[in-house]
>>> print(open('my_file_16.csv').read())   # CSV, C-alpha atoms and all ligand atoms
chain,number,residue,atom,x,y,z
A,1,MET,CA,95.1,43.7,-2.8
A,2,ARG,CA,95.7,41.1,-5.5
A,3,ALA,CA,93.1,38.4,-5.8
A,4,PHE,CA,92.1,35.8,-8.4
A,5,VAL,CA,88.5,36.6,-9.5
A,6,LEU,CA,86.0,34.4,-11.4
A,7,ASP,CA,84.4,36.6,-14.1
A,8,GLY,CA,82.1,34.1,-15.7
A,9,TYR,CA,81.4,30.3,-15.9
A,10,GLY,CA,83.3,28.1,-18.3
A,11,ALA,CA,87.0,27.2,-19.0
A,12,THR,CA,89.6,28.2,-16.3
A,13,ALA,CA,91.8,29.9,-19.0
A,14,ASP,CA,88.8,32.1,-20.0
A,15,HIS,CA,87.4,33.1,-16.7
A,16,VAL,CA,90.0,33.0,-13.9
A,17,ARG,CA,92.1,36.2,-13.8
A,18,LEU,CA,94.4,38.0,-11.4
A,19,ALA,CA,93.0,41.4,-10.4
A,20,GLU,CA,93.7,44.3,-8.1
A,21,ILE,CA,90.6,44.7,-5.9
A,22,ALA,CA,89.8,46.6,-2.7
A,23,ASP,CA,90.9,45.1,0.6
A,24,PRO,CA,88.0,43.3,2.4
A,25,ALA,CA,86.6,45.2,5.3
A,26,PRO,CA,86.0,43.0,8.3
A,27,GLY,CA,82.4,43.0,9.7
A,28,LEU,CA,81.7,43.2,13.5
A,29,GLU,CA,82.3,39.5,14.1
A,30,ASP,CA,85.0,39.0,11.4
A,31,VAL,CA,88.7,38.6,11.4
A,32,LEU,CA,90.8,40.0,8.6
A,33,ILE,CA,93.4,37.4,7.6
A,34,GLU,CA,96.6,38.0,5.6
A,35,ILE,CA,96.7,34.7,3.6
A,36,HIS,CA,100.0,32.9,3.5
A,37,ALA,CA,98.8,29.7,1.7
A,38,ALA,CA,95.6,28.4,0.1
A,39,SER,CA,94.8,24.9,-1.0
A,40,LEU,CA,92.8,23.8,-3.9
A,41,ASN,CA,89.8,21.4,-3.9
A,42,PRO,CA,87.9,19.9,-6.8
A,43,ILE,CA,84.9,22.2,-5.9
A,44,ASP,CA,87.0,25.1,-7.0
A,45,PHE,CA,87.2,24.0,-10.6
A,46,LYS,CA,83.5,22.8,-10.5
A,47,ILE,CA,82.5,26.3,-9.4
A,48,VAL,CA,84.6,27.8,-12.3
A,49,HIS,CA,82.8,25.5,-14.8
A,50,GLY,CA,79.4,26.5,-13.4
A,51,ASP,CA,78.5,23.1,-12.0
A,52,LEU,CA,77.2,24.6,-8.7
A,53,LYS,CA,75.4,27.6,-10.1
A,54,ARG,CA,72.0,26.2,-9.2
A,55,VAL,CA,72.9,25.8,-5.5
A,56,SER,CA,75.3,28.7,-5.0
A,57,LYS,CA,74.2,31.8,-6.8
A,58,TYR,CA,77.3,34.0,-7.0
A,59,ARG,CA,77.4,37.5,-8.3
A,60,LEU,CA,80.4,37.7,-10.7
A,61,PRO,CA,83.1,38.8,-10.8
A,62,ARG,CA,84.2,37.7,-7.4
A,63,PRO,CA,87.1,36.0,-5.6
A,64,PHE,CA,86.8,32.3,-4.9
A,65,GLY,CA,88.6,29.5,-3.1
A,66,PHE,CA,87.8,27.8,0.2
A,67,ASP,CA,90.9,26.9,2.2
A,68,ALA,CA,93.5,29.1,3.7
A,69,SER,CA,96.1,29.7,6.4
A,70,GLY,CA,97.6,33.0,7.5
A,71,ILE,CA,97.9,35.7,10.1
A,72,VAL,CA,95.2,37.8,11.7
A,73,LEU,CA,95.6,41.5,10.7
A,74,SER,CA,92.7,43.0,12.5
A,75,THR,CA,89.4,42.0,14.1
A,76,GLY,CA,85.8,43.4,14.1
A,77,ALA,CA,84.5,45.1,17.2
A,78,ARG,CA,82.6,42.0,18.4
A,79,ALA,CA,85.2,39.4,17.4
A,80,ILE,CA,86.8,38.2,20.7
A,81,ARG,CA,88.5,34.9,19.9
A,82,PHE,CA,91.6,36.2,18.0
A,83,LYS,CA,94.0,39.1,18.1
A,84,PRO,CA,96.3,40.6,15.4
A,85,GLY,CA,99.3,38.4,14.9
A,86,ASP,CA,97.5,35.1,15.6
A,87,ALA,CA,98.4,32.3,13.2
A,88,VAL,CA,95.1,30.7,11.9
A,89,TYR,CA,93.6,28.4,9.3
A,90,VAL,CA,90.1,28.3,7.9
A,91,ARG,CA,87.6,26.9,5.4
A,92,ALA,CA,85.3,29.6,4.1
A,93,SER,CA,81.6,29.0,3.7
A,94,ARG,CA,80.0,28.7,0.3
A,95,GLU,CA,78.8,32.3,0.7
A,96,THR,CA,82.2,33.7,1.7
A,97,ILE,CA,84.7,32.0,-0.7
A,98,GLY,CA,87.7,34.0,-1.7
A,99,THR,CA,90.9,32.5,-0.4
A,100,PHE,CA,92.8,32.7,-3.7
A,101,ALA,CA,93.7,36.3,-2.6
A,102,GLU,CA,96.1,38.1,-0.4
A,103,LYS,CA,93.5,38.8,2.3
A,104,ILE,CA,90.1,37.6,3.4
A,105,ALA,CA,87.6,38.8,6.1
A,106,LEU,CA,85.7,35.9,7.6
A,107,PRO,CA,83.4,35.3,10.6
A,108,GLU,CA,85.6,34.3,13.6
A,109,LYS,CA,83.5,31.2,14.2
A,110,LEU,CA,84.8,29.7,11.0
A,111,VAL,CA,88.5,30.3,12.0
A,112,ALA,CA,90.8,28.3,14.3
A,113,PRO,CA,94.4,28.6,15.5
A,114,LYS,CA,96.8,27.0,13.1
A,115,PRO,CA,98.2,23.7,14.3
A,116,ALA,CA,101.4,24.7,15.9
A,117,ALA,CA,103.6,21.9,14.6
A,118,ILE,CA,103.1,22.5,10.9
A,119,SER,CA,103.8,25.1,8.3
A,120,TYR,CA,101.3,27.5,6.7
A,121,THR,CA,101.4,25.4,3.5
A,122,GLU,CA,100.6,22.2,5.4
A,123,ALA,CA,97.8,23.9,7.5
A,124,ALA,CA,96.1,25.2,4.3
A,125,ALA,CA,95.9,21.7,3.0
A,126,LEU,CA,93.7,20.5,5.9
A,127,PRO,CA,90.4,22.4,6.3
A,128,LEU,CA,88.0,21.2,3.6
A,129,VAL,CA,89.2,17.6,3.4
A,130,GLY,CA,89.4,17.4,7.2
A,131,LEU,CA,86.0,18.9,7.9
A,132,THR,CA,84.4,16.8,5.2
A,133,THR,CA,85.7,13.6,6.7
A,134,LEU,CA,84.9,14.5,10.3
A,135,GLN,CA,81.3,15.4,9.3
A,136,GLY,CA,80.8,12.4,7.1
A,137,PHE,CA,82.1,10.0,9.7
A,138,ALA,CA,80.0,11.6,12.4
A,139,ARG,CA,76.8,11.3,10.3
A,140,VAL,CA,77.3,7.5,10.1
A,141,LYS,CA,78.6,7.2,13.6
A,142,ALA,CA,81.9,5.6,12.5
A,143,ARG,CA,83.6,3.8,15.4
A,144,ALA,CA,86.4,1.5,16.4
A,145,GLY,CA,86.3,-2.0,15.0
A,146,GLN,CA,84.3,-1.2,11.9
A,147,ARG,CA,85.5,-1.9,8.4
A,148,ILE,CA,85.6,0.9,5.9
A,149,LEU,CA,86.3,1.1,2.2
A,150,ILE,CA,87.7,4.5,1.3
A,151,HIS,CA,87.7,5.1,-2.5
A,152,ALA,CA,90.7,7.1,-4.0
A,153,GLY,CA,92.9,6.8,-0.9
A,154,ALA,CA,95.7,8.8,-2.7
A,155,GLY,CA,93.6,11.9,-3.2
A,156,GLY,CA,93.0,15.0,-1.0
A,157,ILE,CA,90.1,13.4,0.8
A,158,GLY,CA,91.6,9.9,0.9
A,159,THR,CA,94.9,10.9,2.4
A,160,PHE,CA,93.1,12.5,5.3
A,161,ALA,CA,90.4,9.9,5.6
A,162,ILE,CA,92.8,7.0,5.9
A,163,GLN,CA,94.6,8.6,8.7
A,164,TYR,CA,91.4,9.7,10.5
A,165,ALA,CA,89.8,6.3,10.2
A,166,ARG,CA,92.9,4.6,11.6
A,167,HIS,CA,92.9,7.1,14.4
A,168,LEU,CA,89.3,6.1,15.3
A,169,GLY,CA,90.3,2.5,15.2
A,170,LEU,CA,88.6,1.4,12.0
A,171,HIS,CA,90.0,-1.3,9.7
A,172,VAL,CA,90.8,0.5,6.4
A,173,THR,CA,90.6,-0.8,2.9
A,174,THR,CA,91.3,1.7,0.1
A,175,THR,CA,91.4,1.8,-3.7
A,176,THR,CA,94.2,3.4,-5.7
A,177,SER,CA,96.3,2.8,-8.9
A,178,SER,CA,99.2,0.4,-8.4
A,179,LYS,CA,101.7,3.3,-8.5
A,180,ASN,CA,100.3,4.6,-5.2
A,181,VAL,CA,100.0,1.3,-3.3
A,182,ASP,CA,103.0,1.9,-1.0
A,183,PHE,CA,102.0,5.5,-0.6
A,184,VAL,CA,98.6,4.7,0.8
A,185,LYS,CA,100.0,1.9,3.0
A,186,SER,CA,102.4,4.5,4.5
A,187,LEU,CA,99.3,6.5,5.6
A,188,GLY,CA,98.0,3.5,7.5
A,189,ALA,CA,95.7,1.6,5.1
A,190,ASP,CA,95.4,-2.0,6.2
A,191,ARG,CA,94.4,-3.4,2.8
A,192,VAL,CA,94.9,-1.8,-0.6
A,193,ILE,CA,93.1,-2.7,-3.8
A,194,ALA,CA,95.0,-1.5,-6.9
A,195,TYR,CA,92.2,-0.9,-9.4
A,196,ASP,CA,94.4,-1.5,-12.4
A,197,ARG,CA,95.2,-5.0,-11.1
A,198,GLU,CA,92.1,-6.1,-9.2
A,199,ASN,CA,88.3,-5.4,-9.4
A,200,TYR,CA,87.3,-4.0,-6.0
A,201,LEU,CA,83.8,-5.5,-6.5
A,202,GLU,CA,85.4,-9.0,-6.6
A,203,ALA,CA,87.7,-8.4,-3.6
A,204,GLY,CA,85.3,-9.1,-0.8
A,205,GLY,CA,82.5,-7.0,0.8
A,206,GLY,CA,80.7,-6.7,4.1
A,207,TYR,CA,82.0,-3.2,4.8
A,208,ASP,CA,80.3,-1.3,7.6
A,209,ILE,CA,81.0,2.0,5.7
A,210,VAL,CA,81.8,2.8,2.1
A,211,TYR,CA,83.3,6.3,1.7
A,212,ASP,CA,82.6,7.1,-2.0
A,213,THR,CA,84.7,10.0,-3.3
A,214,LEU,CA,84.3,9.0,-7.0
A,215,GLY,CA,80.5,9.1,-7.8
A,216,GLY,CA,78.9,7.7,-10.9
A,217,ALA,CA,78.8,3.9,-10.9
A,218,PHE,CA,80.9,3.8,-7.7
A,219,THR,CA,77.9,5.2,-5.8
A,220,VAL,CA,75.4,2.6,-6.8
A,221,ASP,CA,77.9,-0.2,-6.7
A,222,ALA,CA,78.8,0.7,-3.1
A,223,PHE,CA,75.6,-1.0,-2.1
A,224,LYS,CA,77.0,-4.3,-3.5
A,225,ILE,CA,79.8,-4.4,-1.0
A,226,VAL,CA,78.3,-2.6,2.1
A,227,LYS,CA,76.8,-4.9,4.7
A,228,ARG,CA,73.1,-4.9,5.7
A,229,GLY,CA,72.6,-2.1,8.3
A,230,GLY,CA,75.8,-0.4,7.0
A,231,ALA,CA,76.2,3.0,5.4
A,232,VAL,CA,77.4,4.6,2.2
A,233,ILE,CA,78.7,8.2,2.5
A,234,SER,CA,79.0,9.8,-0.9
A,235,LEU,CA,80.7,13.1,-1.7
A,236,SER,CA,80.3,12.9,-5.4
A,237,GLY,CA,77.1,10.9,-6.0
A,238,PRO,CA,73.6,12.4,-6.3
A,239,PRO,CA,72.3,14.5,-3.3
A,240,ASP,CA,70.4,12.5,-0.7
A,241,ARG,CA,66.7,13.1,-0.3
A,242,ASP,CA,67.1,15.2,2.8
A,243,PHE,CA,69.4,17.6,0.9
A,244,ALA,CA,66.6,19.8,-0.6
A,245,ARG,CA,65.1,20.2,2.9
A,246,ARG,CA,68.5,21.1,4.4
A,247,GLU,CA,69.0,23.7,1.7
A,248,GLY,CA,65.5,25.0,2.0
A,249,ALA,CA,64.8,24.2,-1.6
A,250,GLY,CA,61.4,24.3,-3.3
A,251,TRP,CA,59.4,21.4,-4.8
A,252,LEU,CA,61.1,21.6,-8.2
A,253,VAL,CA,64.5,21.0,-6.7
A,254,ARG,CA,63.0,18.2,-4.4
A,255,ALA,CA,61.6,16.5,-7.5
A,256,ALA,CA,64.9,16.9,-9.4
A,257,VAL,CA,66.8,15.4,-6.4
A,258,TRP,CA,64.3,12.5,-6.1
A,259,PHE,CA,64.8,11.7,-9.8
A,260,MET,CA,68.6,12.0,-9.8
A,261,SER,CA,68.9,9.7,-6.8
A,262,ARG,CA,66.3,7.1,-7.7
A,263,LYS,CA,68.9,4.4,-8.7
A,264,VAL,CA,70.9,5.0,-5.5
A,265,TYR,CA,67.8,4.7,-3.3
A,266,ALA,CA,66.7,1.5,-5.1
A,267,ALA,CA,70.2,0.0,-4.5
A,268,SER,CA,70.1,1.2,-0.9
A,269,ALA,CA,66.7,-0.4,-0.2
A,270,GLU,CA,67.8,-3.7,-1.8
A,271,ALA,CA,71.0,-3.7,0.3
A,272,GLY,CA,69.3,-2.6,3.5
A,273,ALA,CA,72.0,0.1,4.0
A,274,SER,CA,71.7,3.8,4.4
A,275,TYR,CA,72.8,6.6,1.9
A,276,CYS,CA,74.2,9.9,3.0
A,277,TRP,CA,75.4,12.8,0.9
A,278,PHE,CA,76.2,16.3,2.2
A,279,PHE,CA,77.9,19.6,1.5
A,280,THR,CA,80.7,20.2,4.0
A,281,GLU,CA,80.0,22.9,6.5
A,282,PRO,CA,82.6,25.3,7.8
A,283,SER,CA,83.4,25.1,11.5
A,284,GLY,CA,86.1,26.7,13.6
A,285,ASP,CA,85.4,24.3,16.4
A,286,GLN,CA,86.0,21.2,14.3
A,287,LEU,CA,89.2,22.8,12.9
A,288,ARG,CA,90.3,23.1,16.5
A,289,GLU,CA,89.7,19.3,16.9
A,290,ILE,CA,91.7,18.7,13.7
A,291,ALA,CA,94.6,20.9,14.9
A,292,GLU,CA,94.7,18.9,18.1
A,293,LEU,CA,95.0,15.6,16.1
A,294,VAL,CA,97.7,17.2,14.0
A,295,ASP,CA,99.7,18.4,17.0
A,296,ARG,CA,99.4,15.0,18.6
A,297,GLY,CA,100.8,13.4,15.5
A,298,ALA,CA,97.6,11.4,14.6
A,299,ILE,CA,97.2,13.2,11.3
A,300,LYS,CA,99.9,14.5,8.9
A,301,PRO,CA,99.0,16.8,6.0
A,302,VAL,CA,100.0,15.4,2.7
A,303,ILE,CA,101.1,17.8,0.0
A,304,ASP,CA,101.4,16.7,-3.6
A,305,ARG,CA,102.6,20.0,-5.1
A,306,GLU,CA,103.0,23.6,-4.3
A,307,PHE,CA,102.4,26.4,-6.9
A,308,ALA,CA,103.3,30.1,-6.8
A,309,PHE,CA,100.3,32.4,-6.2
A,310,GLU,CA,100.3,33.6,-9.8
A,311,GLN,CA,100.1,30.0,-11.1
A,312,LEU,CA,96.5,29.4,-9.8
A,313,PRO,CA,95.1,28.6,-13.3
A,314,ALA,CA,97.9,26.0,-13.9
A,315,ALA,CA,97.3,24.6,-10.4
A,316,LEU,CA,93.5,24.2,-11.1
A,317,THR,CA,94.3,22.4,-14.4
A,318,TYR,CA,96.8,20.1,-12.6
A,319,LEU,CA,94.2,19.2,-9.9
A,320,GLU,CA,91.5,18.7,-12.5
A,321,ALA,CA,93.6,16.0,-14.2
A,322,GLY,CA,92.6,13.9,-11.2
A,323,ARG,CA,96.0,12.4,-10.3
A,324,ALA,CA,97.1,14.4,-7.3
A,325,ARG,CA,98.7,12.5,-4.4
A,326,GLY,CA,97.4,14.5,-1.5
A,327,LYS,CA,96.8,18.2,-1.8
A,328,VAL,CA,97.7,21.0,-4.2
A,329,VAL,CA,98.6,24.2,-2.4
A,330,LEU,CA,99.1,27.8,-3.5
A,331,ARG,CA,101.9,29.8,-1.9
A,332,VAL,CA,100.3,33.2,-1.4
A,333,LYS,CA,103.0,35.0,0.7
B,1,LIG,N1,80.1,17.0,-1.1
B,1,LIG,C1,81.1,17.7,-0.5
B,1,LIG,O1,81.0,18.6,0.3
B,1,LIG,C2,82.5,17.3,-1.0
B,1,LIG,C3,83.6,17.7,-0.1
B,1,LIG,C4,84.9,17.3,-0.5
B,1,LIG,C5,85.1,16.7,-1.7
B,1,LIG,N2,84.1,16.4,-2.5
B,1,LIG,C6,84.3,15.6,-3.8
B,1,LIG,O2,85.0,14.5,-3.5
B,1,LIG,C7,85.8,14.1,-4.7
B,1,LIG,C8,87.2,13.7,-4.3
B,1,LIG,O3,87.9,14.9,-3.8
B,1,LIG,P1,89.5,14.9,-3.6
B,1,LIG,O4,89.9,16.2,-3.1
B,1,LIG,O5,89.9,13.7,-2.9
B,1,LIG,O6,89.9,14.8,-5.2
B,1,LIG,P2,91.4,14.6,-5.7
B,1,LIG,O7,92.4,14.9,-4.7
B,1,LIG,O8,91.5,15.3,-7.0
B,1,LIG,O9,91.5,13.0,-6.1
B,1,LIG,C9,92.6,12.6,-6.9
B,1,LIG,C10,92.9,11.1,-6.6
B,1,LIG,O10,91.8,10.3,-7.1
B,1,LIG,C11,92.4,9.0,-7.3
B,1,LIG,N3,91.5,8.3,-8.3
B,1,LIG,C12,91.1,8.7,-9.5
B,1,LIG,N4,90.3,7.8,-10.0
B,1,LIG,C13,90.3,6.7,-9.2
B,1,LIG,C14,89.7,5.4,-9.2
B,1,LIG,N5,88.9,5.0,-10.2
B,1,LIG,N6,89.9,4.6,-8.1
B,1,LIG,C15,90.6,5.0,-7.1
B,1,LIG,N7,91.3,6.2,-7.0
B,1,LIG,C16,91.1,7.1,-8.0
B,1,LIG,C17,93.8,9.4,-7.9
B,1,LIG,O11,94.7,8.3,-7.6
B,1,LIG,P3,95.3,7.4,-8.8
B,1,LIG,O12,96.2,8.4,-9.5
B,1,LIG,O13,96.1,6.4,-8.0
B,1,LIG,O14,94.2,6.9,-9.6
B,1,LIG,C18,94.2,10.7,-7.2
B,1,LIG,O15,95.1,10.4,-6.1
B,1,LIG,C19,85.7,15.3,-5.6
B,1,LIG,O16,84.7,15.0,-6.6
B,1,LIG,C20,85.2,16.4,-4.7
B,1,LIG,O17,84.5,17.4,-5.4
B,1,LIG,C21,82.8,16.7,-2.2
>>> encode(input="my_file_16.csv", output="structure tokens")
Amino acid sequence: MRAFVLDGYGATADHVRLAEIADPAPGLEDVLIEIHAASLNPIDFKIVHGDLKRVSKYRLPRPFGFDASGIVLSTGARAIRFKPGDAVYVRASRETIGTFAEKIALPEKLVAPKPAAISYTEAAALPLVGLTTLQGFARVKARAGQRILIHAGAGGIGTFAIQYARHLGLHVTTTTSSKNVDFVKSLGADRVIAYDRENYLEAGGGYDIVYDTLGGAFTVDAFKIVKRGGAVISLSGPPDRDFARREGAGWLVRAAVWFMSRKVYAASAEAGASYCWFFTEPSGDQLREIAELVDRGAIKPVIDREFAFEQLPAALTYLEAGRARGKVVLRVK
């Protein structure tokens, strides 16, 4: 089969290449999927640049990519949830990445039936951003009536999170550039702060939850606008102090995490609000929940741009520019 492989860490142009490799062989509990579409996420180019090599030790060359939709070709002897011909979608685990390829074999517990009402392209756009948001909101017990600030409402995460927060009954404020104000309002945002016209730190605070997708100063500053007893969920800030334990890391990593997160924890203590950071986990069961929301019309996938399979390097470069409105998807079949 054809697959994009990563053959070293560094620039996309130097290390991402299209190769002919052996078809994956499904294990006992796996399903073999013929991929129709795969979506890109910032973690893909971060992996290419080697930003995650301390936490995910990959043997290169290898295929990569997390999100896909497609059709089940065959199943392992102990896989019972799917049969050949089923339309599915999936987010691979960090250990099993490889969706920028014509086929992938994955444990059936990671896989779910594709939402019936949408195309393969749209389905591929959902898994990673959807699972991240469901898991983040569950960690802080997000509930109706709360006020949330979602940073970067026009991005892959933001476009899903605005719709999901509204579905749960939260009041949504989001940040974006002024060109995307109407776009994020159309997704359901109650209040929009255009960052090129208004400083969000001077636009009121008292949020129950701040969903920080931007990292850097945005993570520490989230504690200036979250209310006492509230929560900051960060996807791009420093790991939280429980991260090393969850990853089973040794004392050196624990010490590094403690050091990297010291400013965030000082701000969190001063504000009396909690800090949470996590790596998204794959889950077929949560993808079933997302499919139900999509089929009921509560969530609509948002596609910024589709690229042909052979154009993965260009698609990664496009996403990395940081201006995508929704998701960037690769047409594989
Ligand atoms: N920890 C985890 O497991 C996990 C999981 C998922 C994602 N993440 C991380 O979360 C981050 C966001 O992911 P994503 O998929 O949403 O990225 P993305 O789709 O590439 O985000 C692009 C969007 O960011 C907006 N943006 C850029 N700068 C902004 C600013 N200063 N204020 C407001 N909006 C801004 C842009 O809108 P404008 O053009 O209007 O500025 C654009 O629409 C990434 O760093 C990713 O790696 C982490």
>>> atom_distance(input="my_file_16.csv", atom1="CA of Pro282 (chain A)", atom2="CA of Leu131 (chain A)")
7.2 Å
>>> closest_residue(input="my_file_16.csv", among="A:Pro238, A:Ile193, A:Tyr265, A:Ser274", to="Asp208 (chain A)", atoms="all atoms listed in the file")
A:Ser274
>>> closest_residue(input="my_file_16.csv", among="A:Ala142, A:Met260, A:Leu187, A:Val328", to="Pro42 (chain A)", atoms="only C-alpha atoms")
A:Val328
>>> residues_near_ligand(input="my_file_16.csv", ligand="ligand LIG 1 (chain B)", cutoff="6 Å", atoms="all atoms listed in the file", output="PyMOL selection string")
chain A and resi 41-43+129+132+151-152+154-158+175-177+180+213-214+235-236+278-280+319+322-326
>>> closest_residue(input="my_file_16.csv", among="A:Ala144, A:Val48, A:Gln135, A:Thr121", to="Arg305 (chain A)", atoms="all atoms listed in the file")
A:Thr121
>>> closest_residue(input="my_file_16.csv", among="A:Val31, A:Asp196, A:Asp221, A:Arg147", to="Leu110 (chain A)", atoms="all atoms listed in the file")
A:Val31
>>> closest_residue(input="my_file_16.csv", among="A:Tyr211, A:Phe307, A:Tyr318, A:Phe100", to="Phe223 (chain A)", atoms="all atoms listed in the file")
A:Tyr211
>>> atom_distance(input="my_file_16.csv", atom1="CA of Val192 (chain A)", atom2="CA of Gly237 (chain A)")
22.5 Å
>>> residues_around(input="my_file_16.csv", residues="Glu310 (chain A)", least_positions_apart="3", cutoff="9 Å", atoms="only C-alpha atoms", output="mmCIF file with C-alpha atoms, keeping the file's coordinate frame")
data_model
loop_
_atom_site.group_PDB
_atom_site.id
_atom_site.type_symbol
_atom_site.label_atom_id
_atom_site.label_comp_id
_atom_site.auth_asym_id
_atom_site.auth_seq_id
_atom_site.Cartn_x
_atom_site.Cartn_y
_atom_site.Cartn_z
ATOM 1 C CA PHE A 4 92.100 35.800 -8.400
ATOM 2 C CA LEU A 18 94.400 38.000 -11.400
ATOM 3 C CA PHE A 307 102.400 26.400 -6.900
ATOM 4 C CA PRO A 313 95.100 28.600 -13.300
ATOM 5 C CA ALA A 314 97.900 26.000 -13.900
ATOM 6 C CA LEU A 330 99.100 27.800 -3.500
ATOM 7 C CA ARG A 331 101.900 29.800 -1.900
ATOM 8 C CA VAL A 332 100.300 33.200 -1.400
#
>>> closest_atom_pairs(input="my_file_16.csv", of="region 71-140 of chain A", to="region 50-65 of chain A", cutoff="12 Å", atoms="only C-alpha atoms", output="tab-separated table")
residue	atom	partner	partner_atom	distance
A:Val90	CA	A:Gly65	CA	11.2
A:Arg91	CA	A:Gly65	CA	8.9
A:Ala92	CA	A:Gly65	CA	7.9
A:Ser93	CA	A:Gly65	CA	9.8
A:Arg94	CA	A:Ser56	CA	7.1
A:Glu95	CA	A:Ser56	CA	7.6
A:Thr96	CA	A:Phe64	CA	8.2
A:Ile97	CA	A:Phe64	CA	4.7
A:Gly98	CA	A:Phe64	CA	3.7
A:Thr99	CA	A:Gly65	CA	4.6
A:Phe100	CA	A:Gly65	CA	5.3
A:Ala101	CA	A:Pro63	CA	7.3
A:Glu102	CA	A:Pro63	CA	10.6
A:Lys103	CA	A:Pro63	CA	10.5
A:Ile104	CA	A:Pro63	CA	9.6
A:Ala124	CA	A:Gly65	CA	11.4
A:Pro127	CA	A:Gly65	CA	11.9
A:Leu128	CA	A:Gly65	CA	10.7
>>> closest_residue(input="my_file_16.csv", among="A:Tyr207, A:Tyr195, A:Tyr164, A:Phe309", to="Lys179 (chain A)", atoms="all atoms listed in the file")
A:Tyr195
>>> residues_around(input="my_file_16.csv", residues="Arg81 (chain A)", least_positions_apart="4", cutoff="12 Å", atoms="all atoms listed in the file", output="list of chain:residue names")
A:Glu29, A:Asp30, A:Val31, A:Val72, A:Ser74, A:Thr75, A:Gly76, A:Ala77, A:Asp86, A:Val88, A:Pro107, A:Glu108, A:Lys109, A:Leu110, A:Val111, A:Ala112, A:Pro113, A:Gly284, A:Asp285
>>> residues_around(input="my_file_16.csv", residues="region 286-293 of chain A", least_positions_apart="5", cutoff="6 Å", atoms="all atoms listed in the file", output="list in words")
Ala112, Pro115, Ala298 and Ile299 of chain A
>>> atom_distance(input="my_file_16.csv", atom1="CA of Gly27 (chain A)", atom2="CA of Asp44 (chain A)")
24.9 Å
>>> residues_near_point(input="my_file_16.csv", point="(69.8, -2.8, -0.1)", cutoff="9 Å", atoms="all atoms listed in the file", output="ChimeraX atom specification")
/A:223-224,226-229,265-274
>>> residues_near_point(input="my_file_16.csv", point="(81.4, -4.6, -6.9)", cutoff="10 Å", atoms="only C-alpha atoms", output="count of residues only")
16
>>> residues_around(input="my_file_16.csv", residues="Ala117 (chain A)", least_positions_apart="5", cutoff="10 Å", atoms="all atoms listed in the file", output="list in words")
Glu122, Ala123, Ala291, Val294, Asp295, Arg296 and Gly297 of chain A
>>> write_last_selection(input="my_file_16.csv", atoms="C-alpha atoms", output="PDB file, keeping the file's coordinate frame")
ATOM      1  CA  GLU A 122     100.600  22.200   5.400  1.00  0.00           C
ATOM      2  CA  ALA A 123      97.800  23.900   7.500  1.00  0.00           C
ATOM      3  CA  ALA A 291      94.600  20.900  14.900  1.00  0.00           C
ATOM      4  CA  VAL A 294      97.700  17.200  14.000  1.00  0.00           C
ATOM      5  CA  ASP A 295      99.700  18.400  17.000  1.00  0.00           C
ATOM      6  CA  ARG A 296      99.400  15.000  18.600  1.00  0.00           C
ATOM      7  CA  GLY A 297     100.800  13.400  15.500  1.00  0.00           C
TER       8      GLY A 297
END
>>> residues_around(input="my_file_16.csv", residues="Tyr120 (chain A)", least_positions_apart="5", cutoff="12 Å", atoms="only C-alpha atoms", output="PDB file with C-alpha atoms, keeping the file's coordinate frame")
ATOM      1  CA  GLU A  34      96.600  38.000   5.600  1.00  0.00           C
ATOM      2  CA  ILE A  35      96.700  34.700   3.600  1.00  0.00           C
ATOM      3  CA  HIS A  36     100.000  32.900   3.500  1.00  0.00           C
ATOM      4  CA  ALA A  37      98.800  29.700   1.700  1.00  0.00           C
ATOM      5  CA  ALA A  38      95.600  28.400   0.100  1.00  0.00           C
ATOM      6  CA  SER A  39      94.800  24.900  -1.000  1.00  0.00           C
ATOM      7  CA  ASP A  67      90.900  26.900   2.200  1.00  0.00           C
ATOM      8  CA  ALA A  68      93.500  29.100   3.700  1.00  0.00           C
ATOM      9  CA  SER A  69      96.100  29.700   6.400  1.00  0.00           C
ATOM     10  CA  GLY A  70      97.600  33.000   7.500  1.00  0.00           C
ATOM     11  CA  ILE A  71      97.900  35.700  10.100  1.00  0.00           C
ATOM     12  CA  ALA A  87      98.400  32.300  13.200  1.00  0.00           C
ATOM     13  CA  VAL A  88      95.100  30.700  11.900  1.00  0.00           C
ATOM     14  CA  TYR A  89      93.600  28.400   9.300  1.00  0.00           C
ATOM     15  CA  VAL A  90      90.100  28.300   7.900  1.00  0.00           C
ATOM     16  CA  PRO A 113      94.400  28.600  15.500  1.00  0.00           C
ATOM     17  CA  LYS A 114      96.800  27.000  13.100  1.00  0.00           C
ATOM     18  CA  PRO A 115      98.200  23.700  14.300  1.00  0.00           C
ATOM     19  CA  ALA A 125      95.900  21.700   3.000  1.00  0.00           C
ATOM     20  CA  LEU A 126      93.700  20.500   5.900  1.00  0.00           C
ATOM     21  CA  PRO A 301      99.000  16.800   6.000  1.00  0.00           C
ATOM     22  CA  ILE A 303     101.100  17.800   0.000  1.00  0.00           C
ATOM     23  CA  GLU A 306     103.000  23.600  -4.300  1.00  0.00           C
ATOM     24  CA  VAL A 329      98.600  24.200  -2.400  1.00  0.00           C
ATOM     25  CA  LEU A 330      99.100  27.800  -3.500  1.00  0.00           C
ATOM     26  CA  ARG A 331     101.900  29.800  -1.900  1.00  0.00           C
ATOM     27  CA  VAL A 332     100.300  33.200  -1.400  1.00  0.00           C
ATOM     28  CA  LYS A 333     103.000  35.000   0.700  1.00  0.00           C
TER      29      LYS A 333
END
